[in-house]
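Okay, structure first, notes after.
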Amino acid sequence: MTARARMADAMDVDSAAASAPRVQINLSTRDPTLSVPLQSLRVPTNLKRYGLSTLVNHLLETPKPIPFDFLVDGQYLRTSIDEYLTQAGLSSEKPLDVEYVRSQLPPTYIGSFEQDDWISSIHISSSSASPSILTGSFNGSAQITSLSGDILARTVPMHTQSVKAVTWVSHPSSTENREATFLTASLDRTINLWSYTPSSDPSSTTIPIAPRTSYISHKSTITSLSHSSSTSQFLSSSSDHTIALWSTNSSLLPTVPAPTSTSFTRKRRRTSKPPPTEKRGPLAVLSAHSAPVSQVIHAQDPTAAYSVSWDKSIITHDLVTAQVVDTRVTQHALLSIATLPSLNLIAAGSAARHITLHDPRVSSSTVQNAVFRGHTNAVVGLVKSPESDYVFASAGHDGCVRIWDVRSVSSASESVERSDKTGGSLFVIKRESGSGKVFGVDWSKDVGLVSVGEDKKIQINRGEGMTEVNVLEQS
Amino acid sequence: MSANAGTRKRSRAAAEEEKPVLSSEDEFEIPEINGDDSSDEEDFSPGDEDSEDDEELSSEEELEDDEDLDSDEIPSEDEALPKTNGTTNGDSTTGADDEDADPADNFKVVTGADGKPRYIYREINPVYDSDDTDVEDVNTIGNIPLEYYENYPHVGYDINGKRIMRPAAGKALDTLLDSIELPKGWTGLIDKNSGAALNLTEDELDILKKLQRSEITEDGFDPYQDILGYFTKTTEQMPLSSAPEPKRRFIPSKHEQKRVMKIVKGIREGRILPHRPQPEAADAPAFYDIWADDAPPKADHVMNIPAPKLPPPTHDESYNPPQEYLPNESEKKDWEEQDPEDREKNYLPRSHKALRYVPGYNGFVNERFERCLDLYLAPRVRRNKLNIDPASLLPKLPSPDDLKPFPTTCATVYRGHEGRVRSVAADPTGVWVATGGDDGTVRVWEILTGRQVWKLKVSSDEAVDSVTWRPTPEGRILAAACGNEILLVVPPIFDSEEESRGKEILSAGFGYAANKQGTKEAPGTWAKPDSGLEEEGVVVVITVRKTVKYIAWHRRGDYLVTVSPEDVRRAVCIHRVSTHLSQTPFKEKSVTKGIPQKVQFHPSKPLLFVATKRYIRIYDLAKAELSKTLKPGARWISSIDIHPQGDNLIVGSYDKRLLWHDLDLSTKPYRTLRYHDKGIRAVSFHRGGFPLFCSSSDDGTVQVFHGRIYSDLMENALIVPLKVLKGHKIVSHLGVLDVEWHPKQPWLFSAGADGTARLWN
């Protein structure tokens, strides 16, 4: 079938709209697997997203239709082409550049699991067979929850205060009873390494987990953890303005004496005696920031890390030499960071309710590439979509998780003087419980978009039909 | 002035209305008047004869009578009488012999050809001065153009019906000769009366020449004859009048001067022109343009305000309006039932076939009257419209968008306190925030998440009125005032190292204080807390006499000053942490002159600011003297705060005012900001490098301002209102009780009477 014949075929679909005025569109995509041979078409202006999607599917000869979304000038086409042209004041005689992307399906509410206290942090294990959700709670414990809502394991009271960050070190797997390990970081300035062996019997009750190692260096609240499996190292950021570099291999770390117990810990100790653990110090302490560090993450190259702080800066660290590579200063205190590796961009969420995109490479001269506005309170969590390189989600203290598309940015009139692009969110996920801050968000292919917050609930949302797309991709 | 115009208008309108009435009156009255006049004439004319004054009048009457005589009527005796008298009168001046002559002698009556009596008048002896009115004119042909008789030998008829022959025209030769040799006095004109050539005599020509030259025609008049000096400058021996020369003879006349100046002025202004064009209006017929829109425009004058014009007639006022404008039956009925006052229009649209079928409008006079009444009773006032751009009156302030960042929304609500939150304080590292409330607890919260991390129940019945962190980076010490106790606490949320450092600082003075004990009655006693409190982190409890309402730290963290307004004698108390000693700088009430409300240390100098109800006094602690008194002019000062640079001060008062003092400028406030609806409870400057300050009030709002101070001393501080933060609820007339800025970020903490504290960013 030639391209022209295919086009004629496509036109037949829209034969009903044959009488409508037509506009020339130039189709393009950033996904090489989806590119169409014929890029320029004349289509009726009354076509909407669905019509265009059918057209592209025709051109691609896909065995099963893929839902597509269409971006015109950085905006998703939500009306007919005609209405868009009228709204934008464009002539239908000029060719229109249309970029098509796989549809981001609206994440629907799947369910939520309640816990005893506010949940501060979340990390989903990436083992696809039996994903388990690791959450840190404000009551000082961490829990492992299965997708069915069963609490698989809970840590013994080791942290005297809230757990602020959790991360899996080695992911659990139900098939082989391999020992899984994870880290928790707390407001009581300690990080603990825990080992957890999933029980083979799914009906068994909650396993208490004992700590293996305590990592002691920070003088104030630990705000985030980032683990790199390739180097077996992890990073922790703290409100005492420092970032500490640790290794999961305890033998590499120096032994430190246990900290003299404070009055608070003494009081707690009396009630429950925590198990003794080995105390280890850090490999290196990076004190580049001048204000509480809010998050640190590993770069794609695990020897580099990015950190954001209340001092408004994004700092790129070289972990081998423990030196600062680059410092980007923004306008507002930053609270969260995520990388978009394929785009060489990092997204930073600020206390001033927006997310900015930055190019962390030293060569790039622009401070800021785009701004995403929409949250009404501080943005405290950012996570990249597991499916798309262009999509990420953010958690805000306004009680919303928002999904954003990097491609959907436009030079809106209001931001012309600031010469950066602004984007709007694709979807907004509200808390099912109604209100309460969202403290953490994680996104996995298998589980979906999981967020935790002040409402003591783990809320799971998933874009239905995403799996179909995955199947197509694999075929 | 409006009334004037109104009356004018009205009078005109009235004239229009009343014209027909007046004319009818004229018709009736004028004949009567005429009748009176005629009767008077008849009655009094004989009497008038003798009066010399009326002579002219009577002669005029004679003339009129003469004209009357042209008719065929025979003059009556009465009428003839004055005429004869006239002649007799004239004669009487010359000859007395005629005086006695009987008037009947003047004529004799003969029977005429028609049998009627005919008067034959006596010949009149023409003497000098005699009346020559009836001397026959040279020409009796009457006022008939000579051309009519061109073809006839005569030129007209005399009184007896005889032809008057044309004067003999010369032969052609004579004419030729005449043309060759002009006769004396030849003019080339033809005498209109006689038809002969009009020749003028030498004398007449002479007169004409003189007239042409504007000379006096009288013969022998010498215009340059010698002046007879009636009045001379030389003093006469025998003067004509012995009266002294009046002064006015010597001085120029003021009256003339005035008139001359008036003319000069007129000439200068161009009002008086040498050749003013004569108005032609005199000749133009005086028609009144009844179709003109309005009265002729009056000169532009302040007192002249033209009446507002009536709206032009619309379609439904047409004599034949379109069908849709005509009312139907129900509308007609409605209109008729309505009170005339309530009617939207005072007419009903009606349709007529032609304009000539339109009946007279009976409401015309009434309507005009109403209109005049409207114009008269509603005074017209000339309003001066100021053409000022309102934007130009506003001060040139930068837009709040350019002054970002500043807090705009509520980011976190700290919930947990039962009852009011009295005080809020941010930790110098900017990670924690402490609050104290009416439930007698001190709580410490995580800033962003709003999680309470520590709580201390100080008292079950007394409120925690004030909490403040020690402002130094090392040694995290929180001071809380509850009742008459001041607790110095190291909250167990810090690193063990920092905690022990804090405890060390606080416990260092225990031994020192013990040595000094007993020398003098100290205003405050320092003691260890009971075990329960010590467990929670309280290190020292200072007990003073009366309830402490406010605590402020010195910047170095060694001193703290407390205020107990109830203690009249020892309201202000300074406590030293390192030696555990308390002292009262002002021993007597008279020193502070009023109940202290708030105290504050200067951020860099050894100065203590004490705010009483009305005044703020600045004491130099090094010299122990009063250095300055500020008079903000507020009735009751509630709070003060000093700019981190130390030269400016903001004062909040219960009478809703926020006052900015420049300490270098004056003792009076530089700026008064009156934006709150209720009394201000707390004011605060940002100390972390942002030019921000704020005020909190009982109206439940926190107002954020931009307050930039320039290093140039000549430049005044720039104060821009930025944002009103609304969120706190008002509980029993109390709103936001305390505000404090985050030490480094542009974030604001507020403590509300609704039991919550809030973070704004």
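For the structure tokens, the naming scheme is as follows: chains receive sequential letters (A, B, ...) according to their order of presentation, residues are indexed from 1 within each chain, and ligands are indexed from 1 in presentation order.
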
Next item on the list: Write down as a PyMOL selection string the residues belonging to segment 348-501 of chain B that are assigned alpha helix (DSSP H) by DSSP computed on the backbone.
Entry: chain B and resi 364-377+390-393+496-501

Report as a compact mmCIF listing (two decimals) with all heavy atoms, in the first residue's frame the set of chain B residues whose atoms approach chain A to within 8 Å, with distances computed over only C-alpha atoms.
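Wrote out_30.txt, looks like this:
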# COMPACT_ATOMS: atom_id res chain seq x y z
N THR B 409 0.43 33.08 50.31
CA THR B 409 -0.60 32.09 50.64
C THR B 409 -0.20 31.33 51.89
O THR B 409 0.96 31.29 52.29
CB THR B 409 -0.76 31.05 49.51
OG1 THR B 409 0.52 30.53 49.21
CG2 THR B 409 -1.37 31.66 48.28
N ALA B 411 0.75 28.24 53.71
CA ALA B 411 1.36 26.97 53.30
C ALA B 411 1.09 25.87 54.30
O ALA B 411 0.87 24.73 53.91
CB ALA B 411 2.86 27.16 53.12
N VAL B 431 14.50 25.72 60.98
CA VAL B 431 13.94 24.40 60.74
C VAL B 431 12.72 24.16 61.64
O VAL B 431 11.81 23.43 61.28
CB VAL B 431 15.02 23.32 61.00
CG1 VAL B 431 14.47 21.94 60.75
CG2 VAL B 431 16.21 23.58 60.10
N THR B 449 6.06 20.56 57.11
CA THR B 449 5.03 19.53 57.19
C THR B 449 3.96 19.90 58.19
O THR B 449 2.83 19.41 58.11
CB THR B 449 5.64 18.19 57.58
OG1 THR B 449 6.33 18.37 58.82
CG2 THR B 449 6.61 17.70 56.54
N VAL B 453 6.60 18.23 66.83
CA VAL B 453 7.67 17.30 67.20
C VAL B 453 7.91 17.28 68.71
O VAL B 453 8.51 16.34 69.22
CB VAL B 453 9.00 17.62 66.47
CG1 VAL B 453 8.87 17.34 65.00
CG2 VAL B 453 9.43 19.05 66.69
N PRO B 492 14.30 18.78 73.41
CA PRO B 492 15.08 17.58 73.07
C PRO B 492 14.88 17.16 71.62
O PRO B 492 14.56 16.01 71.34
CB PRO B 492 14.53 16.53 74.02
CG PRO B 492 13.13 16.96 74.24
CD PRO B 492 13.09 18.45 74.16
N ILE B 493 15.04 18.08 70.71
CA ILE B 493 14.88 17.74 69.31
C ILE B 493 16.19 17.92 68.57
O ILE B 493 16.26 17.73 67.37
CB ILE B 493 13.79 18.62 68.66
CG1 ILE B 493 14.02 20.07 69.02
CG2 ILE B 493 12.41 18.16 69.08
CD1 ILE B 493 13.16 21.02 68.27
N PHE B 494 17.20 18.30 69.31
CA PHE B 494 18.46 18.60 68.66
C PHE B 494 19.46 17.48 68.87
O PHE B 494 19.25 16.57 69.67
CB PHE B 494 19.02 19.93 69.18
CG PHE B 494 18.11 21.08 68.90
CD1 PHE B 494 17.37 21.67 69.90
CD2 PHE B 494 17.98 21.56 67.61
CE1 PHE B 494 16.53 22.72 69.63
CE2 PHE B 494 17.13 22.61 67.33
CZ PHE B 494 16.41 23.19 68.35
N ASP B 495 20.51 17.62 68.17
CA ASP B 495 21.65 16.76 68.29
C ASP B 495 22.13 16.78 69.75
O ASP B 495 22.04 17.81 70.43
CB ASP B 495 22.73 17.33 67.36
CG ASP B 495 23.90 16.41 67.26
OD1 ASP B 495 23.68 15.21 67.41
OD2 ASP B 495 24.99 16.91 67.01
N SER B 496 22.61 15.66 70.21
CA SER B 496 23.03 15.58 71.62
C SER B 496 24.11 16.61 71.94
O SER B 496 24.15 17.18 73.03
CB SER B 496 23.55 14.17 71.91
OG SER B 496 24.60 13.89 71.01
N GLU B 499 22.45 19.90 72.31
CA GLU B 499 21.61 19.89 73.50
C GLU B 499 22.48 20.10 74.75
O GLU B 499 22.16 20.91 75.62
CB GLU B 499 20.88 18.56 73.58
CG GLU B 499 19.82 18.55 74.64
CD GLU B 499 19.08 17.22 74.68
OE1 GLU B 499 19.14 16.46 73.71
OE2 GLU B 499 18.45 16.95 75.71
N GLU B 535 13.00 16.61 83.03
CA GLU B 535 12.99 15.49 82.10
C GLU B 535 12.65 15.97 80.69
O GLU B 535 13.18 15.48 79.70
CB GLU B 535 11.92 14.49 82.58
CG GLU B 535 11.96 13.18 81.88
CD GLU B 535 12.92 12.21 82.55
OE1 GLU B 535 13.79 12.63 83.36
OE2 GLU B 535 12.79 11.03 82.27
N GLU B 536 11.76 16.97 80.62
CA GLU B 536 11.30 17.45 79.33
C GLU B 536 12.28 18.41 78.67
O GLU B 536 12.08 18.83 77.54
CB GLU B 536 9.95 18.17 79.49
CG GLU B 536 8.82 17.25 79.89
CD GLU B 536 8.36 16.34 78.76
OE1 GLU B 536 8.76 16.58 77.60
OE2 GLU B 536 7.64 15.37 79.03
N GLY B 537 13.29 18.81 79.41
CA GLY B 537 14.29 19.67 78.80
C GLY B 537 14.38 21.05 79.43
O GLY B 537 15.20 21.86 79.00
N GLN B 745 14.15 32.70 55.07
CA GLN B 745 13.27 32.67 53.91
C GLN B 745 12.22 33.78 54.02
O GLN B 745 11.94 34.26 55.12
CB GLN B 745 12.56 31.32 53.82
CG GLN B 745 13.50 30.14 53.77
CD GLN B 745 14.24 30.04 52.45
OE1 GLN B 745 13.86 30.66 51.47
NE2 GLN B 745 15.32 29.28 52.44
N ASN B 761 3.78 31.47 52.78
CA ASN B 761 4.92 31.65 51.86
C ASN B 761 4.44 32.00 50.47
O ASN B 761 3.25 32.12 50.22
CB ASN B 761 5.82 30.42 51.85
CG ASN B 761 5.21 29.25 51.14
OD1 ASN B 761 4.12 29.33 50.58
ND2 ASN B 761 5.91 28.14 51.14

Next item on the list: Choose the residue, out of A:Arg462, A:Lys279, A:Lys457, A:Lys445, that has the smallest atom-to-atom separation from Ser112 of chain A; count only C-alpha atoms.
Entry: A:Lys457

Next item on the list: List every residue of segment 108-349 of chain A that DSSP, applied to the backbone of this structure, assigns to strand (DSSP E), and report them as number ranges by chain.
Entry: A: 108-114, 119-124, 132-137, 142-146, 151-155, 163-170, 180-186, 190-196, 207-209, 211-216, 222-228, 233-238, 243-247, 278-280, 284-286, 293-298, 304-309, 313-318, 323-329, 334-340, 345-349

Note to self: List as a list in words the protein and nucleic acid residues near Ile119 of chain A, meaning an atom at most 10 Å away when only C-alpha atoms are counted, but skip any in the same chain fewer than 5 places from it.
What the structure shows: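 Skipping anything fewer than 5 positions along the chain leaves Glu114, Thr135, Gly136, Ser137, Phe138, Asn139, Gly140, Ser141, Ala142, Gln143, Ser162, Val163, Lys164, Ala165, Val438, Phe439, Gly440, Ser451, Val452, Gly453, Glu454, Asp455, Lys456, Lys457 and Ile458 of chain A.
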
Margin query: Could you list, as a list in words, every residue within 10 Å of Gly752 of chain B, counting only C-alpha atoms and ignoring same-chain residues fewer than 3 positions away?
Written below: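 Those residues are Gly419, Arg420, Val421, Arg422, Ser423, Val424, Gly437, Ser696, Ser697, Asp698, Gly700, Thr701, Gly727, His728, Lys729, Ile730, Val731, Leu734, Gly735, Val736, Leu737, Asp738, Val739, Phe749, Gly755, Thr756, Ala757 and Arg758 of chain B.
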
Check: Quick one: of A:Leu152, A:Ile337, A:Ser186, A:Asn344, who's nearest to Asp301 of chain A, counting only C-alpha atoms?
Finding: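 Of all the options, A:Asn344 lies closest to Asp301 of chain A.
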
Note to self: Report as a PyMOL selection string all protein, DNA and RNA residues lying within 12 Å of Ser307 of chain A, evaluated on only C-alpha atoms, omitting residues in the same chain fewer than 3 positions from it.
What the structure shows: chain A and resi 223-226+235-238+241-244+286-289+291-299+304+310-319+324-329+334-339+346-349+360

Note to self: If we count only C-alpha atoms and set the cut-off at 12 Å, which residues sit around Gly149 of chain A, ignoring sequence neighbours fewer than 2 positions away in its own chain? Please answer as a list of chain:residue names.
What the structure shows: A:Ile110, A:Gly111, A:Ser112, A:Phe113, A:Glu114, A:Gln115, A:Pro131, A:Ser132, A:Ile133, A:Leu134, A:Gln143, A:Ile144, A:Thr145, A:Ser146, A:Leu147, A:Ile151, A:Leu152, A:Ala153, A:Pro202, A:Thr206, A:Lys457, A:Ile458, A:Gln459, A:Ile460

Using the selection just defined, write its residues with N, CA, C and O atoms as a short mmCIF file (atom, residue, chain, number, x, y, z; two decimals), in the first residue's frame.
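And here is the file that came out, again_5.cif:
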data_model
loop_
_atom_site.label_atom_id
_atom_site.label_comp_id
_atom_site.auth_asym_id
_atom_site.auth_seq_id
_atom_site.Cartn_x
_atom_site.Cartn_y
_atom_site.Cartn_z
N ILE A 110 -7.37 3.66 42.15
CA ILE A 110 -7.43 2.22 42.31
C ILE A 110 -7.82 1.87 43.73
O ILE A 110 -8.73 1.08 43.97
N GLY A 111 -7.11 2.48 44.68
CA GLY A 111 -7.43 2.16 46.05
C GLY A 111 -6.48 2.86 46.98
O GLY A 111 -5.53 3.52 46.55
N SER A 112 -6.74 2.74 48.27
CA SER A 112 -5.82 3.33 49.23
C SER A 112 -5.79 2.48 50.49
O SER A 112 -6.76 1.81 50.83
N PHE A 113 -4.63 2.48 51.13
CA PHE A 113 -4.43 1.71 52.35
C PHE A 113 -4.11 2.68 53.47
O PHE A 113 -3.27 3.56 53.32
N GLU A 114 -4.78 2.48 54.58
CA GLU A 114 -4.62 3.41 55.69
C GLU A 114 -3.58 2.91 56.67
O GLU A 114 -3.43 1.70 56.88
N GLN A 115 -2.85 3.84 57.24
CA GLN A 115 -1.89 3.50 58.29
C GLN A 115 -2.21 4.29 59.55
O GLN A 115 -3.17 5.06 59.59
N PRO A 131 5.31 -6.57 43.60
CA PRO A 131 5.78 -5.28 44.06
C PRO A 131 5.33 -5.01 45.49
O PRO A 131 4.20 -5.32 45.86
N SER A 132 6.24 -4.50 46.27
CA SER A 132 5.87 -4.14 47.63
C SER A 132 6.22 -2.67 47.87
O SER A 132 7.19 -2.15 47.33
N ILE A 133 5.37 -2.06 48.64
CA ILE A 133 5.47 -0.62 48.85
C ILE A 133 6.11 -0.38 50.21
O ILE A 133 5.58 -0.83 51.24
N LEU A 134 7.21 0.30 50.21
CA LEU A 134 7.90 0.64 51.44
C LEU A 134 7.53 2.07 51.80
O LEU A 134 7.69 2.99 51.00
N GLN A 143 7.06 0.63 57.00
CA GLN A 143 6.20 -0.52 56.75
C GLN A 143 6.38 -0.98 55.33
O GLN A 143 6.65 -0.19 54.43
N ILE A 144 6.20 -2.28 55.16
CA ILE A 144 6.19 -2.81 53.81
C ILE A 144 4.78 -3.32 53.57
O ILE A 144 4.24 -4.12 54.34
N THR A 145 4.17 -2.80 52.54
CA THR A 145 2.79 -3.13 52.24
C THR A 145 2.75 -3.81 50.88
O THR A 145 3.44 -3.39 49.95
N SER A 146 1.97 -4.87 50.80
CA SER A 146 1.81 -5.52 49.50
C SER A 146 0.73 -4.78 48.73
O SER A 146 0.02 -3.93 49.27
N LEU A 147 0.61 -5.15 47.46
CA LEU A 147 -0.37 -4.46 46.62
C LEU A 147 -1.79 -4.76 47.07
O LEU A 147 -2.72 -4.02 46.77
N ILE A 151 0.00 -5.64 55.36
CA ILE A 151 1.25 -5.12 55.88
C ILE A 151 2.18 -6.31 56.04
O ILE A 151 1.96 -7.20 56.87
N LEU A 152 3.18 -6.36 55.18
CA LEU A 152 4.08 -7.51 55.18
C LEU A 152 5.04 -7.45 56.35
O LEU A 152 5.34 -8.46 56.97
N ALA A 153 5.56 -6.25 56.61
CA ALA A 153 6.56 -6.15 57.66
C ALA A 153 6.56 -4.74 58.22
O ALA A 153 6.15 -3.79 57.57
N PRO A 202 2.04 -16.24 52.26
CA PRO A 202 1.44 -14.91 52.14
C PRO A 202 0.47 -14.61 53.27
O PRO A 202 0.17 -13.46 53.55
N THR A 206 2.37 -9.78 60.12
CA THR A 206 3.41 -8.79 59.93
C THR A 206 4.70 -9.20 60.62
O THR A 206 4.71 -9.57 61.79
N LYS A 457 -2.74 7.81 54.36
CA LYS A 457 -3.14 6.81 53.37
C LYS A 457 -2.14 6.71 52.25
O LYS A 457 -1.50 7.70 51.86
N ILE A 458 -2.02 5.47 51.77
CA ILE A 458 -1.26 5.23 50.55
C ILE A 458 -2.31 5.19 49.45
O ILE A 458 -3.21 4.36 49.47
N GLN A 459 -2.21 6.12 48.52
CA GLN A 459 -3.23 6.18 47.47
C GLN A 459 -2.61 5.74 46.15
O GLN A 459 -1.55 6.22 45.77
N ILE A 460 -3.27 4.78 45.51
CA ILE A 460 -2.75 4.26 44.24
C ILE A 460 -3.65 4.72 43.12
O ILE A 460 -4.88 4.58 43.18
#

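Excluding Ile209 of chain A itself and any same-chain residue fewer than 2 positions from it, the protein and nucleic acid residues within 10 Å of it, counting only C-alpha atoms, are Ala142, Gln143, Ala153, Arg154, Thr155, Val156, Pro157, Trp194, Ser195, Tyr196, Thr197, Thr206, Ile207, Pro211 and Arg212 of chain A.
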